[in-house]
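K.L.:
This is the content of start.cif (mmCIF, C-alpha atoms):
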data_target
loop_
_atom_site.label_atom_id
_atom_site.label_comp_id
_atom_site.auth_asym_id
_atom_site.auth_seq_id
_atom_site.Cartn_x
_atom_site.Cartn_y
_atom_site.Cartn_z
CA MET G 180 -13.21 -3.10 5.79
CA SER G 181 -15.51 -0.33 4.60
CA THR G 182 -15.49 1.42 1.25
CA HIS G 183 -14.58 4.63 3.01
CA CYS G 184 -11.58 2.96 4.66
CA THR G 185 -10.28 1.61 1.36
CA ASP G 186 -10.81 5.00 -0.29
CA SER G 187 -8.88 6.66 2.52
CA LEU G 188 -6.08 4.11 2.17
CA SER G 189 -5.92 4.76 -1.57
CA SER G 190 -5.73 8.46 -0.83
CA LEU G 191 -2.93 7.80 1.68
CA LEU G 192 -0.95 5.85 -0.90
CA THR G 193 -1.49 8.60 -3.47
CA THR G 194 -0.10 11.10 -0.97
CA LEU G 195 2.92 8.86 -0.45
CA LYS G 196 3.48 8.85 -4.19
CA ARG G 197 3.20 12.65 -4.26
CA LEU G 198 5.87 12.81 -1.55
CA ASN G 199 8.23 10.95 -3.93
CA THR G 200 8.25 7.89 -1.70
CA PRO G 201 10.30 5.06 -3.21
CA GLU G 202 8.20 2.17 -4.52
CA GLN G 203 9.78 -0.36 -2.14
CA LEU G 204 8.94 1.79 0.86
CA THR G 205 5.31 2.20 -0.22
CA LEU G 206 5.12 -1.55 -0.78
CA THR G 207 6.48 -2.26 2.70
CA ILE G 208 4.02 0.14 4.36
CA SER G 209 1.13 -1.36 2.36
CA HIS G 210 2.25 -4.83 3.38
CA GLY G 211 2.36 -3.73 7.03
CA ILE G 212 -1.20 -2.40 6.85
CA LEU G 213 -2.30 -5.70 5.29
CA CYS G 214 -0.59 -7.62 8.10
CA TRP G 215 -2.37 -5.48 10.65
CA GLN G 216 -5.79 -5.83 9.04
CA ASP G 217 -5.48 -9.52 8.27
CA PRO G 218 -2.82 -11.08 10.51
CA ALA G 219 -3.89 -14.65 9.66
CA GLY G 220 -3.76 -14.27 5.89
CA THR G 221 -0.55 -12.28 5.46
CA PRO G 222 2.98 -13.28 6.52
CA CYS G 223 4.26 -10.72 9.02
CA ARG G 224 7.62 -10.17 7.35
CA ALA G 225 8.79 -7.22 5.32
CA PRO G 226 8.81 -7.92 1.56
CA SER G 227 12.52 -7.04 1.56
CA THR G 228 13.41 -9.60 4.23
CA GLY G 229 16.33 -11.75 3.13
CA GLN G 230 17.48 -9.36 0.41
CA LEU G 231 21.01 -8.06 0.46
CA GLY G 232 21.81 -4.39 0.63
CA ALA G 233 21.69 -1.62 3.21
CA ALA G 234 18.36 -0.22 2.01
CA SER G 235 16.62 -3.61 2.18
CA ALA G 236 18.02 -4.21 5.66
CA LEU G 237 16.80 -0.79 6.83
CA LEU G 238 13.35 -1.46 5.37
CA ALA G 239 13.15 -4.83 7.10
CA THR G 240 14.27 -3.23 10.40
CA ALA G 241 11.71 -0.42 10.06
CA PHE G 242 8.96 -2.96 9.38
CA HIS G 243 10.06 -5.14 12.30
CA LYS G 244 10.20 -2.20 14.72
CA GLN G 245 6.81 -0.90 13.63
CA HIS G 246 5.13 -4.29 13.68
CA HIS G 247 6.58 -5.83 16.83
CA GLN G 248 7.49 -2.89 19.06
CA ILE G 249 5.50 0.23 18.19
CA GLY G 250 2.44 -1.18 16.43
CA TRP G 251 0.47 -0.16 13.35
CA HIS G 252 -2.23 1.46 15.40
CA GLN G 253 0.42 3.88 16.70
CA PHE G 254 1.64 4.24 13.11
CA PHE G 255 -1.73 5.68 12.12
CA LEU G 256 -1.53 8.06 15.09
CA GLY G 257 1.74 9.45 13.68
CA ARG G 258 4.17 7.51 15.85
CA ILE G 259 6.47 6.06 13.25
CA SER G 260 9.71 4.17 13.63
CA LEU G 261 12.98 6.05 13.32
CA TYR G 262 14.07 3.60 10.66
CA TRP G 263 11.49 4.74 8.07
CA SER G 264 13.39 8.00 7.55
CA ARG G 265 16.70 6.13 7.33
CA ALA G 266 15.21 3.73 4.79
CA PHE G 267 13.88 6.68 2.78
CA ALA G 268 17.29 8.38 2.82
CA SER G 269 18.98 5.17 1.75
CA LEU G 270 16.50 4.30 -1.01
CA SER G 271 16.35 7.84 -2.41
CA ALA G 272 20.11 8.38 -2.02
CA VAL G 273 19.37 11.61 -0.16
CA ASN G 274 21.78 13.05 2.39
CA ASP G 275 19.87 16.28 2.87
CA TYR G 276 18.50 16.26 6.41
CA ALA G 277 15.90 18.90 5.53
CA ARG G 278 14.48 16.81 2.70
CA VAL G 279 14.33 13.64 4.82
CA SER G 280 12.61 15.43 7.70
CA SER G 281 10.21 17.06 5.23
CA TRP G 282 9.28 13.58 3.92
CA THR G 283 8.75 12.13 7.40
CA ALA G 284 6.62 15.13 8.42
CA GLY G 285 4.59 14.68 5.22
CA LEU G 286 4.12 10.99 6.02
CA VAL G 287 2.93 11.77 9.56
CA GLN G 288 0.50 14.40 8.27
CA ALA G 289 -0.87 11.96 5.69
CA LEU G 290 -1.41 9.38 8.45
CA TRP G 291 -3.21 11.93 10.63
CA SER G 292 -5.36 12.90 7.68
CA PHE G 293 -6.31 9.23 7.26
CA THR G 294 -7.14 8.91 10.96
CA ARG G 295 -9.25 12.09 10.94
CA SER G 296 -11.12 10.85 7.89
CA MET G 297 -11.86 7.51 9.60
CA TRP G 298 -13.05 9.26 12.74
CA LYS G 299 -15.35 11.51 10.68
CA CYS G 300 -16.73 8.47 8.86
CA ARG G 301 -17.34 6.68 12.15
CA ASN G 302 -19.24 9.68 13.51
CA GLU G 303 -21.33 9.96 10.36
CA VAL G 304 -22.26 6.27 10.55
CA ILE G 305 -23.20 6.42 14.20
CA HIS G 306 -24.79 9.85 14.44
CA GLY G 307 -25.76 10.53 10.79
CA ALA G 308 -24.10 12.64 8.12
CA THR G 309 -26.85 15.26 7.63
CA ALA G 310 -29.20 16.99 10.04
CA GLU G 311 -32.12 14.88 8.79
CA GLU G 312 -30.21 11.65 9.34
CA GLN G 313 -29.28 12.77 12.83
CA VAL G 314 -32.91 13.49 13.64
CA THR G 315 -33.99 10.14 12.18
CA ARG G 316 -31.43 8.31 14.32
CA HIS G 317 -32.62 10.21 17.34
CA LEU G 318 -36.27 9.48 16.65
CA ASN G 319 -35.53 5.79 16.07
CA THR G 320 -33.88 5.50 19.45
CA MET G 321 -36.59 7.50 21.22
CA PRO G 322 -39.11 4.63 21.77
CA GLU G 323 -36.37 2.55 23.41
CA GLU G 324 -35.38 5.46 25.64
CA VAL G 325 -39.01 6.18 26.56
CA THR G 326 -39.61 2.53 27.40
CA SER G 327 -36.47 2.34 29.54
CA HIS G 328 -37.42 5.52 31.43
CA TYR G 329 -40.95 4.19 31.97
CA THR G 330 -39.62 0.90 33.26
CA ALA G 331 -37.17 2.65 35.57
CA PHE G 332 -39.89 4.97 36.88
CA LEU G 333 -42.38 2.18 37.47
CA ALA G 334 -39.75 0.13 39.27
CA ASP G 335 -38.76 3.00 41.54
CA PRO G 336 -40.74 6.28 41.37
CA SER G 337 -38.38 7.88 43.85
CA ILE G 338 -35.76 8.40 41.12
CA LEU G 339 -37.64 11.58 40.15
CA PHE G 340 -38.75 14.56 42.18
CA PRO G 341 -42.53 14.53 42.78
CA ARG G 342 -42.95 17.65 40.65
CA TYR G 343 -41.91 15.62 37.57
CA HIS G 344 -44.27 12.69 38.27
CA SER G 345 -46.98 14.33 36.17
CA LEU G 346 -44.90 13.54 33.09
CA PHE G 347 -45.75 9.85 33.57
CA HIS G 348 -49.51 10.20 33.95
CA CYS G 349 -50.32 8.91 30.46
CA THR G 350 -49.56 5.29 29.55
CA LEU G 351 -46.50 4.10 27.70
CA ALA G 352 -48.52 3.18 24.61
CA GLN G 353 -50.07 6.64 24.50
CA SER G 354 -46.76 8.43 24.68
CA LEU G 355 -45.19 6.17 22.06
CA ARG G 356 -48.17 6.78 19.76
CA THR G 357 -47.75 10.55 20.23
CA THR G 358 -44.09 10.27 19.27
CA THR G 359 -44.92 8.30 16.10
CA HIS G 360 -47.69 10.73 15.21
CA ASN G 361 -45.43 13.73 15.60
CA ALA G 362 -42.67 12.13 13.55
CA GLY G 363 -44.92 11.01 10.65
CA SER G 364 -47.40 13.85 10.43
CA GLY G 365 -46.28 15.03 7.00
CA GLN G 366 -43.87 17.58 8.39
CA SER G 367 -40.24 17.31 7.42
CA LEU G 368 -38.00 15.89 10.13
CA LYS G 369 -36.20 19.19 10.43
CA ASP G 370 -39.50 20.96 11.07
CA CYS G 371 -40.46 18.26 13.48
CA PHE G 372 -37.29 18.90 15.44
CA SER G 373 -37.46 22.69 15.22
CA PRO G 374 -37.02 24.50 18.54
CA SER G 375 -40.77 25.12 18.83
CA ASN G 376 -41.57 21.44 18.37
CA LEU G 377 -38.67 20.14 20.39
CA LEU G 378 -40.35 20.84 23.72
CA LYS G 379 -43.59 19.19 22.58
CA ILE G 380 -41.73 16.07 21.46
CA LEU G 381 -39.79 15.87 24.69
CA VAL G 382 -42.95 16.22 26.71
CA ALA G 383 -44.71 13.65 24.53
CA CYS G 384 -41.86 11.22 24.96
CA LEU G 385 -41.80 11.84 28.69
CA VAL G 386 -38.07 11.99 28.83
CA PRO G 387 -37.16 12.92 32.41
CA LEU G 388 -35.53 16.28 32.57
CA PRO G 389 -32.04 16.41 34.04
CA LEU G 390 -32.10 16.62 37.79
CA MET H 218 39.34 42.05 2.77
CA GLY H 219 40.63 45.33 4.19
CA GLU H 220 44.10 43.83 4.47
CA PHE H 221 43.95 42.34 0.98
CA LEU H 222 42.83 45.61 -0.64
CA GLY H 223 44.95 47.75 1.62
CA LEU H 224 42.05 49.89 2.79
CA GLN H 225 43.09 52.39 5.46
CA GLU H 226 40.26 54.89 5.27
CA GLY H 227 36.80 55.41 3.77
CA SER H 228 33.78 53.25 4.29
CA VAL H 229 32.44 49.88 3.14
CA ASP H 230 28.80 48.77 2.86
CA VAL H 231 28.09 45.28 4.18
CA TYR H 232 24.83 43.66 3.08
CA CYS H 233 23.22 40.91 5.10
CA ASP H 234 19.77 39.27 4.83
CA SER H 235 19.41 38.75 8.58
CA LYS H 236 18.19 41.80 10.46
CA GLY H 237 18.85 40.04 13.77
CA ALA H 238 22.48 39.32 12.93
CA LEU H 239 23.00 42.95 11.84
CA ARG H 240 21.38 44.27 14.99
CA ASN H 241 23.37 41.94 17.24
CA THR H 242 26.66 42.72 15.49
CA PHE H 243 26.45 46.49 15.05
CA ASP H 244 24.33 47.59 18.00
CA LYS H 245 25.76 48.33 21.40
CA ILE H 246 26.02 45.37 23.78
CA TYR H 247 24.37 45.91 27.13
CA GLU H 248 25.60 44.38 30.33
CA GLY H 249 24.13 41.06 31.34
CA LEU H 250 24.04 37.47 30.17
CA SER H 251 21.52 37.88 27.35
CA PRO H 252 24.00 38.82 24.57
CA TYR H 253 26.06 35.74 25.39
CA VAL H 254 23.24 33.25 25.06
CA GLN H 255 21.71 34.54 21.84
CA ALA H 256 21.78 32.53 18.62
CA ASP H 257 25.14 32.28 16.84
CA TYR H 258 26.91 34.20 19.59
CA ASP H 259 30.29 32.75 18.57
CA ILE H 260 30.05 34.12 15.00
CA ILE H 261 28.68 37.48 16.13
CA ASN H 262 31.42 37.82 18.72
CA GLN H 263 34.06 37.16 16.07
CA ALA H 264 32.46 39.72 13.77
CA LYS H 265 32.48 42.31 16.55
CA CYS H 266 36.15 41.70 17.30
CA LEU H 267 36.98 41.88 13.60
CA LEU H 268 35.18 45.22 13.26
CA LYS H 269 37.40 46.68 15.98
CA THR H 270 40.56 45.87 14.02
CA LEU H 271 39.44 47.62 10.81
CA HIS H 272 40.69 51.10 9.93
CA PHE H 273 37.69 52.00 7.78
CA LYS H 274 34.04 52.47 8.58
CA VAL H 275 31.59 49.62 7.96
CA ASN H 276 27.96 50.44 7.18
CA ALA H 277 25.48 47.68 7.88
CA LYS H 278 22.68 47.36 5.32
CA TRP H 279 19.90 44.85 4.97
CA VAL H 280 19.07 43.11 1.71
CA LYS H 281 16.11 40.84 1.00
CA GLY H 282 17.31 37.24 1.07
CA HIS H 283 16.42 34.63 -1.60
CA SER H 284 14.73 37.28 -3.70
CA THR H 285 12.44 35.92 -6.38
CA ALA H 286 11.80 39.26 -8.06
CA ARG H 287 11.99 39.26 -11.84
CA THR H 288 14.41 42.18 -11.91
CA LYS H 289 16.87 41.83 -9.05
CA THR H 290 19.18 44.50 -7.73
CA LEU H 291 22.94 43.93 -7.63
CA GLN H 292 22.76 43.39 -3.86
CA GLU H 293 20.07 40.74 -4.27
CA GLU H 294 22.08 38.99 -7.00
CA LEU H 295 25.14 38.98 -4.75
CA ASN H 296 23.07 37.64 -1.84
CA ILE H 297 21.83 34.73 -3.96
CA LEU H 298 25.40 34.02 -5.11
CA ALA H 299 26.72 34.12 -1.53
CA ASP H 300 23.91 31.82 -0.40
CA MET H 301 24.73 29.35 -3.18
CA LEU H 302 28.43 29.35 -2.30
CA ALA H 303 27.63 28.83 1.39
CA GLY H 304 25.30 25.94 0.51
CA GLN H 305 27.96 24.34 -1.66
CA PHE H 306 30.43 24.60 1.19
CA VAL H 307 28.03 23.03 3.67
CA TRP H 308 27.12 20.05 1.51
CA ASN H 309 30.41 19.56 -0.32
CA PRO H 310 33.16 21.17 1.73
CA HIS H 311 36.75 20.94 0.74
CA PRO H 312 38.34 18.11 2.76
CA ARG H 313 40.73 20.56 4.39
CA HIS H 314 37.87 22.77 5.50
CA ILE H 315 35.70 20.10 7.11
CA PRO H 316 35.53 21.18 10.74
CA ALA H 317 36.45 18.76 13.49
CA LYS H 318 33.64 17.73 15.83
CA LYS H 319 35.38 19.49 18.67
CA LEU H 320 35.49 23.10 17.59
CA LEU H 321 38.55 25.12 18.43
CA PRO H 322 37.84 27.96 20.84
CA PRO H 323 37.72 31.38 19.20
CA PRO H 324 40.76 33.51 20.11
CA ASN H 325 38.84 36.14 22.05
CA TYR H 326 36.15 34.16 23.83
CA LYS H 327 35.16 35.09 27.35
CA VAL H 328 32.91 32.21 28.26
CA ARG H 329 31.61 29.15 26.46
CA LEU H 330 29.44 26.15 27.24
CA LEU H 331 30.45 22.76 25.95
CA PHE H 332 27.86 20.16 24.98
CA GLN H 333 28.88 16.76 23.59
CA GLY H 334 32.35 18.09 22.82
CA SER H 335 31.16 21.20 20.94
CA THR H 336 30.55 24.78 21.95
CA ILE H 337 26.86 25.66 22.17
CA ALA H 338 26.38 28.43 19.62
CA SER H 339 22.57 28.58 19.46
CA LYS H 340 19.39 27.15 20.99
CA LEU H 341 20.98 27.30 24.43
CA HIS H 342 17.65 27.44 26.23
CA SER H 343 16.12 24.45 24.46
CA ILE H 344 19.31 22.39 24.86
CA LEU H 345 19.46 23.11 28.59
CA ALA H 346 15.74 22.42 29.03
CA SER H 347 15.87 19.13 27.13
CA GLN H 348 18.96 17.96 29.03
CA LEU H 349 17.42 18.84 32.37
CA HIS H 350 13.85 17.63 31.87
CA CYS H 351 13.65 15.34 28.81
CA SER H 352 14.58 12.07 30.49
CA VAL H 353 12.17 12.70 33.39
CA ILE H 354 9.30 13.47 31.01
CA CYS H 355 10.11 10.42 28.85
CA ASN H 356 10.12 8.15 31.91
CA HIS H 357 6.82 9.62 33.06
CA ILE H 358 5.20 9.06 29.65
CA MET H 359 6.50 5.49 29.44
CA LYS H 360 5.25 4.75 32.93
CA LYS H 361 1.84 6.28 32.27
CA THR H 362 1.31 4.59 28.90
CA LYS H 363 3.04 1.37 30.00
CA TRP H 364 5.28 1.48 26.94
CA PRO H 365 8.65 -0.30 27.03
CA GLN H 366 11.75 1.51 25.83
CA GLY H 367 11.50 -0.08 22.35
CA THR H 368 7.99 1.25 21.82
CA PHE H 369 9.02 4.73 22.84
CA GLU H 370 11.71 4.88 20.15
CA VAL H 371 9.50 6.82 17.77
CA ASP H 372 10.50 9.51 15.29
CA TRP H 373 9.44 12.33 17.62
CA ASP H 374 11.19 14.97 15.49
CA ALA H 375 8.91 14.14 12.56
CA HIS H 376 5.94 14.11 14.92
CA VAL H 377 6.77 17.58 16.23
CA LEU H 378 7.50 18.98 12.76
CA ALA H 379 4.22 17.63 11.36
CA PHE H 380 2.27 18.98 14.30
CA ARG H 381 3.78 22.46 13.96
CA GLN H 382 2.72 22.58 10.31
CA LEU H 383 -0.96 22.04 11.16
CA THR H 384 -3.42 24.91 11.42
CA CYS H 385 -4.63 25.93 14.87
CA LYS H 386 -8.00 24.20 14.41
CA SER H 387 -6.40 21.01 13.08
CA LYS H 388 -3.93 21.00 15.96
CA ILE H 389 -6.76 20.75 18.48
CA SER H 390 -8.65 17.99 16.65
CA THR H 391 -5.48 16.04 15.87
CA ALA H 392 -4.20 16.28 19.45
CA LYS H 393 -7.53 14.99 20.73
CA LEU H 394 -7.46 12.10 18.27
CA ILE H 395 -3.87 10.99 18.82
CA HIS H 396 -4.11 11.26 22.59
CA HIS H 397 -7.43 9.42 22.75
CA LEU H 398 -9.32 12.39 24.18
CA VAL H 399 -12.31 12.15 21.84
CA ASN H 400 -15.42 10.60 23.25
CA THR H 401 -16.04 6.93 22.46
CA ASN H 402 -18.46 4.31 23.74
CA TRP H 403 -15.59 2.79 25.66
CA GLN H 404 -15.15 6.01 27.62
CA ASN H 405 -18.90 6.42 28.05
CA ASN H 406 -19.03 2.92 29.51
CA LEU H 407 -16.09 3.64 31.78
CA TYR H 408 -17.33 6.98 33.11
CA TYR H 409 -21.13 6.90 32.70
CA GLY H 410 -21.96 3.18 32.67
CA THR H 411 -23.65 3.30 29.23
CA SER H 412 -23.56 0.50 26.68
CA LEU H 413 -20.29 -0.48 25.02
CA TYR H 414 -22.07 -1.31 21.80
CA VAL H 415 -22.53 0.97 18.84
CA PRO H 416 -26.16 2.04 18.35
CA ALA H 417 -27.78 1.65 14.93
CA VAL H 418 -24.75 -0.01 13.31
CA SER H 419 -23.96 -3.39 14.75
CA LYS H 420 -23.52 -5.09 18.05
CA ARG H 421 -19.79 -4.50 18.21
CA ARG H 422 -17.58 -3.15 20.91
CA LYS H 423 -16.27 0.26 20.05
CA HIS H 424 -12.80 0.86 21.38
CA TRP H 425 -10.07 3.06 20.02
CA SER H 426 -8.20 0.24 18.36
CA THR H 427 -11.28 -0.87 16.36
CA PHE H 428 -12.67 2.30 14.83
CA PHE H 429 -10.45 1.94 11.76
CA SER H 430 -12.53 -0.98 10.55
CA ALA H 431 -16.03 0.55 10.99
CA PRO H 432 -18.56 0.47 9.39
CA PRO H 433 -19.15 -2.91 7.66
CA GLN H 434 -20.07 -2.38 4.03
CA PRO H 435 -19.48 -4.49 0.90
CA CYS H 436 -16.25 -3.48 -0.82
CA PRO H 437 -13.32 -4.96 -2.77
CA PRO H 438 -10.58 -6.56 -0.66
CA ILE H 439 -7.91 -4.22 0.69
CA ALA H 440 -5.14 -6.07 -1.18
CA GLN H 441 -6.80 -5.17 -4.49
CA ILE H 442 -7.16 -1.52 -3.50
CA LEU H 443 -3.57 -1.29 -2.36
CA SER H 444 -2.24 -2.92 -5.53
CA GLN H 445 -4.36 -0.58 -7.68
CA ALA H 446 -3.21 2.47 -5.79
CA SER H 447 0.48 1.55 -5.85
CA SER H 448 0.60 0.61 -9.54
CA PRO H 449 1.64 3.37 -11.95
CA PRO H 450 -1.22 5.12 -13.83
#
Here is the file; what I need is its structure written in the form of structure tokens.
P.N.:
Amino acid sequence: MSTHCTDSLSSLLTTLKRLNTPEQLTLTISHGILCWQDPAGTPCRAPSTGQLGAASALLATAFHKQHHQIGWHQFFLGRISLYWSRAFASLSAVNDYARVSSWTAGLVQALWSFTRSMWKCRNEVIHGATAEEQVTRHLNTMPEEVTSHYTAFLADPSILFPRYHSLFHCTLAQSLRTTTHNAGSGQSLKDCFSPSNLLKILVACLVPLPL
Amino acid sequence: MGEFLGLQEGSVDVYCDSKGALRNTFDKIYEGLSPYVQADYDIINQAKCLLKTLHFKVNAKWVKGHSTARTKTLQEELNILADMLAGQFVWNPHPRHIPAKKLLPPPNYKVRLLFQGSTIASKLHSILASQLHCSVICNHIMKKTKWPQGTFEVDWDAHVLAFRQLTCKSKISTAKLIHHLVNTNWQNNLYYGTSLYVPAVSKRRKHWSTFFSAPPQPCPPIAQILSQASSPP
């Protein structure tokens, strides 16, 4: 699990605390997340299993429904068991429907916030967080792309219209060298990928234009 | 009140914090079905009938409800008091005043629709729509997602309420995320035949169910984080 994921989980639990979630309920949700992340190392039973009392029974039922029928992945997408709200009402001794529905809506929003944060983190890791990182990633993958296009063209030149064949007149080594030279010529990566340079780089890399 | 005070002439000012209720009660009813399917028709109809029996004139006036002004007018003070009394009655009614599930028909009703033993007094359109189409839509969703009945028993009310509270921009991004409409390598592989693996991170399959655990970085175990976060400061 990444640092970002644990930070987001901590933030989620802080939000639960802000929503005046009873301690037992937070503990059960935390335990469920642990079960989901590490099914081998954590017993898949609610912490309140076996305890007497209506609230404990509702908590155990909510955990069971979420774990065995709905799933924790769906939980993070905001699809929560009906029994969580009943457990909250029972543990907080609240009969006010408006307050219970406000809590469940808050829980769902906190879960969506967590999911959005994870998706953003995933995109930053894959595509880069800043413009410079994005350009670096792109430049790093360029030689592979150029090589694959060269290989495909040499194997079957008919994949391109004849008017684009001139793009492949120089050798693979030459075009790769041009790419490296352009990327490491003392210019910043942003400058290197400015609109004026973009065309030059594309031509140098001999990336086939879309047909 | 007119009977209790013995009012036979003059006029009385009635203050209400709902402009819609005032309009529906005091304005002329036009022919058609619309007045009979509006919200709280049963109460408004009773109020209309009551107005006809009075011998004095009633002036309808609007007052701001739940006023938080530092210096409140008498009408605003009375509105807050009436709201408090109504709230007390709703949450702690006198045992003799607790209404039966099956409401008695009002004495002067013309038409009423019964739903689960009670007269429909509001949200007629949404009740009819949900009764007509809800089960069909639910079956379609379950069939499409291959969910059994147990999986479908989700707190949809909370889901809807949370979604309505989002901003317009967040609604779009959240809907895409929760309905798996954002682009992933799994979809790229399915539709464009590209690699399933994540570039520049690790040679791991990237499907929807696995993005929660990316990327791999050194960190304390989750159990420690959870215990730290749940312990009091």
K.L.:
Which residue is closest to Arg295 (chain G)? Choose from G:Thr309, G:Ser235, G:Ser187, G:Gln245 and count only C-alpha atoms.
P.N.:
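Distance minimum relative to Arg295 (chain G) lands on G:Ser187.
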K.L.:
Taking the file above as input, evaluate the PyMOL selection byres ((chain G) within 7 of (chain H)) and report the hits as a list in words.
P.N.:
Met180, Ser181, Thr182, Thr185, Ser189, Leu192, Thr193, Ser209, Gln248, Ile249, His252, Leu256, Gly257, Arg258, Ile259, Ser260, Leu261, Ser280, Thr283, Ala284, Gly285, Val287, Gln288, Met297, Arg301, Val304 and Ile305 of chain G
K.L.:
What is the CA of Ser335 (chain H) to CA of Ser264 (chain G) distance in Å?
P.N.:
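According to the coordinates, CA of Ser335 (chain H) and CA of Ser264 (chain G) are separated by 25.9 Å.
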K.L.:
Pick from G:Leu286, G:Ala272, G:Ala277, G:Ile338: nearest to Thr205 (chain G), with only C-alpha atoms counted?
P.N.:
G:Leu286
K.L.:
When you draw a straight line from CA of Ala236 (chain G) to CA of Ala266 (chain G), how long is it in Å?
P.N.:
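Computing the Euclidean distance for CA of Ala236 (chain G) and CA of Ala266 (chain G) yields 8.5 Å.
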K.L.:
Suppose you want the space between CA of His247 (chain G) and CA of Lys299 (chain G); what is it in Å?
P.N.:
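Spanning CA of His247 (chain G) to CA of Lys299 (chain G) is a straight-line distance of 28.6 Å.
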K.L.:
Identify which of the residues H:Thr270, H:Asn276, H:Asn406, H:Asn400 lies closest to Arg240 (chain H), counting all atoms listed in the file when measuring atom-to-atom distances.
P.N.:
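Looking at the shortest contact to Arg240 (chain H), the residue is H:Asn276.
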K.L.:
Decode the PyMOL selection byres ((chain H and resi 337) around 12) for the given file into explicit residues and return them as number ranges by chain.
P.N.:
H: 253-260, 319-320, 322, 328-336, 338-345
K.L.:
Would you kindly translate the PyMOL selection byres ((chain G and resi 226) around 8) into the concrete residues it picks from this file, as a list in words?
P.N.:
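Expected selection for the PyMOL selection byres ((chain G and resi 226) around 8) here is Leu206, Thr207, His210, Arg224, Ala225, Ser227, Thr228 and Ala239 of chain G.
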K.L.:
For His283 (chain H), work out the shell of residues within 10 Å, counting only C-alpha atoms and skipping chain neighbours fewer than 5 positions away, then give it as a list in words.
P.N.:
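Everything that qualifies: Asp234, Glu293, Glu294, Asn296, Ile297, Leu298, Asp300 and Met301 of chain H.
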K.L.:
Would you kindly return, as a PyMOL selection string, each protein, DNA or RNA residue with an atom no farther than 8 Å from any atom of Leu351 (chain G), considering all atoms listed in the file and excluding same-chain residues fewer than 6 positions away?
P.N.:
chain G and resi 325-326+329
